[in-house]
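Below you'll find the structure, written out as structure tokens, and then a few comments.
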Protein chains: 2
Amino acid sequence: MNKEAIAENLRAHTLKVTPQRLKIVESLNTYGHLNIDMLYREVKESHPNVSLATVYKNLAIMTQNGLLEEVKISGHKSVFEVKKAPHIHLHCSRCGKIEDIEIDLSYVKAEAEKRSGYIVSGSEAVMVGVCPECRHNR
Amino acid sequence: MNKEAIAENLRAHTLKVTPQRLKIVESLNTYGHLNIDMLYREVKESHPNVSLATVYKNLAIMTQNGLLEEVKISGHKSVFEVKKAPHIHLHCSRCGKIEDIEIDLSYVKAEAEKRSGYIVSGSEAVMVGVCPECRHNR
DNA sequence: TATTTAAGGATAAAGTTTATCGTTTACTGG
DNA sequence: CCAGTAAACGATAAACTTTATCCTTAAATA
Ligand SMILES: [Mn+2]
Ligand SMILES: [Mn+2]
Ligand SMILES: [Zn+2]
Ligand SMILES: [Zn+2]
């Protein structure tokens with residue numbers, strides 16, 4: 001995804017297009033899921049005197065506006081990602097890697113609604129385990 | 001669940017039985033899911049000069065030892081609960097309530113393993129929505 | 001009941017997040 | 001383009017959260 005497409009996405013969410021924001025979204029496009037410290041380091045590479053507060057403020061507003069999503073991972077700092085089609089997460093407990101996988105949870109949702117009386121509007125799921133690479137390297 | 005059963009549970013996890021720990025587990029038995037502030041307030045009621053550090057230390061050690069579990073809820077502080085059979089969570093976005101529901105995720109797990117090559121050892125899932133009470137009261 | 005050691009309380013230190021405020025920059029409309 | 005406006009930025013203080021330290025207290029053991 002190129003800069004102009006990212007800028008489009010920012011404008012679509014009524015956010016001004018700034019170099020810092022472009023870099024945040026670019027980094028997320030490249031790496032998938034990053035926490036605040038990783039993002040701060042990323043942005044600093046191209047904008048050495050960016051303020052940490054800027055990264056905080058941008059993650060907050062971009063998450064509120066639905067451009068980004070926060071993913072809470074047990075035992076780690078939250079990571080952020082660009083919002084995309086619903087999916088669940090795989091978390092490798094060895095190397096810490098986080099992967100997306102599209103598995104349909106509508107059965108779980110339907111079952112939860114039926115048995116609880118809730119009306120469910122969203123869901124988050126994380127499966128924890130060991131990735132193939134970590135398994136092979138001992 | 002009575003005090004002696006809780007004490008048993010603590011001993012089973014090689015933890016000394018202290019009044020502060022009893023109160024923490026009692027409160028969790030009563031209310032289900034509580035965050036650190038709620039637990040601090042709870043323990044203070046019966047032990048007015050408990051230190052916040054004691055609550056932190058106990059939640060950490062009891063979670064490490066597998067007596068408690070931490071549940072990360074989007075947009076809120078983590079809540080803790082007494083470890084029990086695997087289950088998923090329902091979170092009401094109106095009143096904040098958190099409920100347990102036992103829904104089998106083995107299909108999701110199997111599918112994730114098959115398609116990713118991971119070996120999955122655990123999972124966490126939260127369904128967000130509106131509970132029946134909140135729905136009825138407008 | 002004495003001994004040992006984990007746990008508690010008080011509080012300092014460290015770490016994280018948010019608020020403030022003056023300056024800069026992106027956008028708008030002429 | 002350019003000027004005006006509001007949003008965003010950087011710097012930094014303040015607030016808030018969590019962990020570490022250290023001395024005292026109390027639970028377990030025999
Ligand atoms: Mn993802
Ligand atoms: Mn639960
Ligand atoms: Zn791995
Ligand atoms: Zn509700």
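Following the order of the structure tokens, first chain is A, next is B, and so on, with residues numbered from 1 inside each chain and ligands from 1 in the order they appear.
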Item to check | Residue neighbourhood Ala12 in chain A, 12 Å, only C-alpha atoms (C1' of nucleotides), exclusion window fewer than 6 positions, as number ranges by chain | outcome: A: 5-6, 62, 65-67
Item to check | Contacts of ligand 3, 8 Å or closer, only C-alpha atoms (C1' of nucleotides) and all ligand atoms, given as a VMD selection string | outcome: chain A and resid 92 to 97 130 to 135
Within 9 Å of chain B, which residues of chain C are there when counting only C-alpha atoms (C1' of nucleotides)? Please give them as a PDB file with N, CA, C and O atoms (P, O5', C5', C4', C3', O3' and C1' of nucleotides), in the first residue's frame.
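part10.pdb written:
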```
ATOM      1  P    DA C   6      11.062 -18.242  51.732  1.00  0.00           P
ATOM      2  O5'  DA C   6       9.541 -17.943  51.389  1.00  0.00           O
ATOM      3  C5'  DA C   6       8.547 -18.851  51.845  1.00  0.00           C
ATOM      4  C4'  DA C   6       7.315 -18.073  52.260  1.00  0.00           C
ATOM      5  C3'  DA C   6       6.835 -17.084  51.208  1.00  0.00           C
ATOM      6  O3'  DA C   6       5.433 -17.161  51.175  1.00  0.00           O
ATOM      7  C1'  DA C   6       7.283 -15.920  53.222  1.00  0.00           C
ATOM      8  P    DA C   7       4.596 -16.376  50.131  1.00  0.00           P
ATOM      9  O5'  DA C   7       4.128 -15.115  50.970  1.00  0.00           O
ATOM     10  C5'  DA C   7       3.314 -15.335  52.117  1.00  0.00           C
ATOM     11  C4'  DA C   7       3.041 -14.014  52.800  1.00  0.00           C
ATOM     12  C3'  DA C   7       2.570 -12.895  51.868  1.00  0.00           C
ATOM     13  O3'  DA C   7       1.381 -12.359  52.398  1.00  0.00           O
ATOM     14  C1'  DA C   7       4.343 -12.149  53.241  1.00  0.00           C
ATOM     15  P    DG C   8       0.649 -11.140  51.798  1.00  0.00           P
ATOM     16  O5'  DG C   8       0.973  -9.987  52.840  1.00  0.00           O
ATOM     17  C5'  DG C   8       0.525 -10.145  54.174  1.00  0.00           C
ATOM     18  C4'  DG C   8       0.855  -8.898  54.966  1.00  0.00           C
ATOM     19  C3'  DG C   8       0.414  -7.603  54.275  1.00  0.00           C
ATOM     20  O3'  DG C   8      -0.238  -6.766  55.224  1.00  0.00           O
ATOM     21  C1'  DG C   8       2.763  -7.552  54.683  1.00  0.00           C
ATOM     22  P    DG C   9      -0.900  -5.442  54.784  1.00  0.00           P
ATOM     23  O5'  DG C   9       0.211  -4.368  55.151  1.00  0.00           O
ATOM     24  C5'  DG C   9       0.572  -4.185  56.518  1.00  0.00           C
ATOM     25  C4'  DG C   9       1.449  -2.960  56.653  1.00  0.00           C
ATOM     26  C3'  DG C   9       0.934  -1.725  55.909  1.00  0.00           C
ATOM     27  O3'  DG C   9       1.183  -0.598  56.752  1.00  0.00           O
ATOM     28  C1'  DG C   9       3.088  -2.321  55.083  1.00  0.00           C
ATOM     29  P    DA C  10       0.717   0.854  56.355  1.00  0.00           P
ATOM     30  O5'  DA C  10       2.090   1.536  55.914  1.00  0.00           O
ATOM     31  C5'  DA C  10       3.207   1.456  56.788  1.00  0.00           C
ATOM     32  C4'  DA C  10       4.383   2.189  56.161  1.00  0.00           C
ATOM     33  C3'  DA C  10       4.001   3.441  55.377  1.00  0.00           C
ATOM     34  O3'  DA C  10       4.924   4.469  55.701  1.00  0.00           O
ATOM     35  C1'  DA C  10       5.190   1.958  53.974  1.00  0.00           C
TER      36       DA C  10
END
```
Please write out the residues within 7 Å of ligand 2 as a compact mmCIF listing (two decimals) with C-alpha atoms, in the first residue's frame, counting only C-alpha atoms (C1' of nucleotides) and all ligand atoms.
```
# COMPACT_ATOMS: atom_id res chain seq x y z
CA GLY B 32 -16.56 -13.04 39.34
CA HIS B 33 -14.29 -10.56 37.63
CA GLU B 81 -10.86 -14.23 38.16
CA HIS B 87 -14.66 -20.49 28.95
CA ILE B 88 -15.11 -17.35 26.94
CA HIS B 89 -16.30 -13.93 28.04
CA GLU B 99 -20.04 -12.87 32.09
CA ASP B 100 -18.69 -16.35 31.55
```
Item to check | At most 6 Å to chain B: residues in chain A, only C-alpha atoms, as a PyMOL selection string | outcome: chain A and resi 117-132
Keeping only N, CA and C atoms, write the selected residues as an mmCIF file, in the first residue's frame.
```cif
data_model
loop_
_atom_site.group_PDB
_atom_site.id
_atom_site.type_symbol
_atom_site.label_atom_id
_atom_site.label_comp_id
_atom_site.auth_asym_id
_atom_site.auth_seq_id
_atom_site.Cartn_x
_atom_site.Cartn_y
_atom_site.Cartn_z
ATOM 1 N N GLY A 117 -28.665 -14.158 25.802
ATOM 2 C CA GLY A 117 -29.578 -13.037 25.591
ATOM 3 C C GLY A 117 -28.876 -11.761 25.166
ATOM 4 N N TYR A 118 -27.563 -11.788 25.092
ATOM 5 C CA TYR A 118 -26.817 -10.634 24.595
ATOM 6 C C TYR A 118 -27.078 -10.447 23.100
ATOM 7 N N ILE A 119 -26.875 -9.224 22.648
ATOM 8 C CA ILE A 119 -26.731 -9.004 21.213
ATOM 9 C C ILE A 119 -25.275 -8.663 20.977
ATOM 10 N N VAL A 120 -24.604 -9.543 20.294
ATOM 11 C CA VAL A 120 -23.161 -9.436 20.157
ATOM 12 C C VAL A 120 -22.805 -8.650 18.898
ATOM 13 N N SER A 121 -21.972 -7.641 19.076
ATOM 14 C CA SER A 121 -21.614 -6.791 17.934
ATOM 15 C C SER A 121 -20.164 -6.973 17.491
ATOM 16 N N GLY A 122 -19.367 -7.578 18.329
ATOM 17 C CA GLY A 122 -17.974 -7.768 17.938
ATOM 18 C C GLY A 122 -17.320 -8.828 18.786
ATOM 19 N N SER A 123 -16.161 -9.240 18.358
ATOM 20 C CA SER A 123 -15.469 -10.258 19.138
ATOM 21 C C SER A 123 -13.963 -10.147 18.935
ATOM 22 N N GLU A 124 -13.251 -10.643 19.904
ATOM 23 C CA GLU A 124 -11.798 -10.707 19.815
ATOM 24 C C GLU A 124 -11.373 -12.080 20.276
ATOM 25 N N ALA A 125 -10.478 -12.680 19.541
ATOM 26 C CA ALA A 125 -10.002 -13.997 19.958
ATOM 27 C C ALA A 125 -8.510 -14.113 19.674
ATOM 28 N N VAL A 126 -7.815 -14.658 20.632
ATOM 29 C CA VAL A 126 -6.381 -14.906 20.479
ATOM 30 C C VAL A 126 -6.122 -16.362 20.818
ATOM 31 N N MET A 127 -5.457 -17.068 19.898
ATOM 32 C CA MET A 127 -5.026 -18.429 20.186
ATOM 33 C C MET A 127 -3.530 -18.378 20.477
ATOM 34 N N VAL A 128 -3.148 -18.975 21.580
ATOM 35 C CA VAL A 128 -1.745 -18.944 21.979
ATOM 36 C C VAL A 128 -1.121 -20.316 21.743
ATOM 37 N N GLY A 129 0.077 -20.311 21.217
ATOM 38 C CA GLY A 129 0.732 -21.581 20.964
ATOM 39 C C GLY A 129 2.145 -21.398 20.479
ATOM 40 N N VAL A 130 2.634 -22.350 19.733
ATOM 41 C CA VAL A 130 4.005 -22.295 19.228
ATOM 42 C C VAL A 130 3.967 -22.351 17.704
ATOM 43 N N CYS A 131 4.643 -21.408 17.093
ATOM 44 C CA CYS A 131 4.630 -21.321 15.636
ATOM 45 C C CYS A 131 5.532 -22.396 15.034
ATOM 46 N N PRO A 132 5.366 -22.709 13.756
ATOM 47 C CA PRO A 132 6.149 -23.767 13.110
ATOM 48 C C PRO A 132 7.656 -23.527 13.226
#
```
Checklist entry - Do you have the CA of Glu45 in chain A-CA of Lys23 in chain A distance handy? => result 9.5 Å
Checklist entry - Taking the backbone alone, and naming residues the way the document does, which bits of range 1-126 of chain A are alpha helix (DSSP H) by DSSP, as an MDAnalysis selection string? => result chainID A and resid 3:12 19:31 36:46 52:64 106:116
May I have the residues from that selection written out with C-alpha atoms, as a short mmCIF file (atom, residue, chain, number, x, y, z; two decimals), in the first residue's frame?
```cif
data_model
loop_
_atom_site.label_atom_id
_atom_site.label_comp_id
_atom_site.auth_asym_id
_atom_site.auth_seq_id
_atom_site.Cartn_x
_atom_site.Cartn_y
_atom_site.Cartn_z
CA LYS A 3 1.59 6.72 0.58
CA GLU A 4 -1.31 8.17 -1.39
CA ALA A 5 -3.59 5.31 -0.45
CA ILE A 6 -2.68 5.79 3.19
CA ALA A 7 -3.34 9.51 2.90
CA GLU A 8 -6.73 8.67 1.38
CA ASN A 9 -7.47 6.44 4.30
CA LEU A 10 -6.54 9.17 6.77
CA ARG A 11 -8.76 11.70 4.99
CA ALA A 12 -11.58 9.16 4.91
CA PRO A 19 4.28 12.72 7.95
CA GLN A 20 4.16 11.21 11.42
CA ARG A 21 0.80 9.61 10.75
CA LEU A 22 1.90 8.35 7.37
CA LYS A 23 4.88 6.69 8.97
CA ILE A 24 2.79 5.06 11.68
CA VAL A 25 0.40 3.53 9.18
CA GLU A 26 3.22 2.58 6.81
CA SER A 27 4.99 0.77 9.61
CA LEU A 28 1.84 -1.07 10.54
CA ASN A 29 1.30 -2.03 6.92
CA THR A 30 4.82 -3.39 6.81
CA TYR A 31 5.00 -5.21 10.13
CA ILE A 36 3.80 1.90 21.06
CA ASP A 37 7.53 1.57 21.64
CA MET A 38 8.13 -0.10 18.31
CA LEU A 39 6.07 2.56 16.58
CA TYR A 40 7.91 5.34 18.35
CA ARG A 41 11.22 3.87 17.19
CA GLU A 42 9.89 3.50 13.68
CA VAL A 43 8.68 7.07 13.41
CA LYS A 44 11.90 8.38 14.91
CA GLU A 45 13.90 6.86 12.08
CA SER A 46 12.38 9.22 9.57
CA LEU A 52 6.36 10.22 22.15
CA ALA A 53 3.22 12.16 22.98
CA THR A 54 2.53 12.51 19.28
CA VAL A 55 2.57 8.75 18.88
CA TYR A 56 0.27 8.32 21.85
CA LYS A 57 -2.11 10.98 20.61
CA ASN A 58 -2.20 9.52 17.14
CA LEU A 59 -2.76 5.98 18.21
CA ALA A 60 -5.61 7.16 20.40
CA ILE A 61 -7.33 9.22 17.74
CA MET A 62 -6.76 6.77 14.92
CA THR A 63 -8.15 3.99 17.07
CA GLN A 64 -11.18 6.04 18.05
CA SER A 106 -20.39 -16.73 13.60
CA TYR A 107 -21.23 -20.06 15.19
CA VAL A 108 -19.67 -18.91 18.45
CA LYS A 109 -21.45 -15.59 18.19
CA ALA A 110 -24.82 -17.22 17.50
CA GLU A 111 -24.36 -19.66 20.32
CA ALA A 112 -23.37 -16.89 22.74
CA GLU A 113 -26.40 -14.80 21.79
CA LYS A 114 -28.78 -17.70 22.06
CA ARG A 115 -27.57 -18.78 25.47
CA SER A 116 -27.02 -15.37 27.08
#
```
Next on the checklist: as an MDAnalysis selection string, could you give me every residue of chain D near chain A (at most 12 Å apart, counting only C-alpha atoms (C1' of nucleotides))?
Outcome noted: chainID D and resid 6:12
Checklist entry - For the atom pair CA of Pro48 in chain B and C1' of DA26 in chain D, what is the interatomic distance in Å to one decimal place? => result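 Interatomic distance here is 17.2 Å.
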Item to check | Residues of chain B in strand (DSSP E), written as a PyMOL selection string | outcome: chain B and resi 68-71+79-82+88-92+98-101+119-130
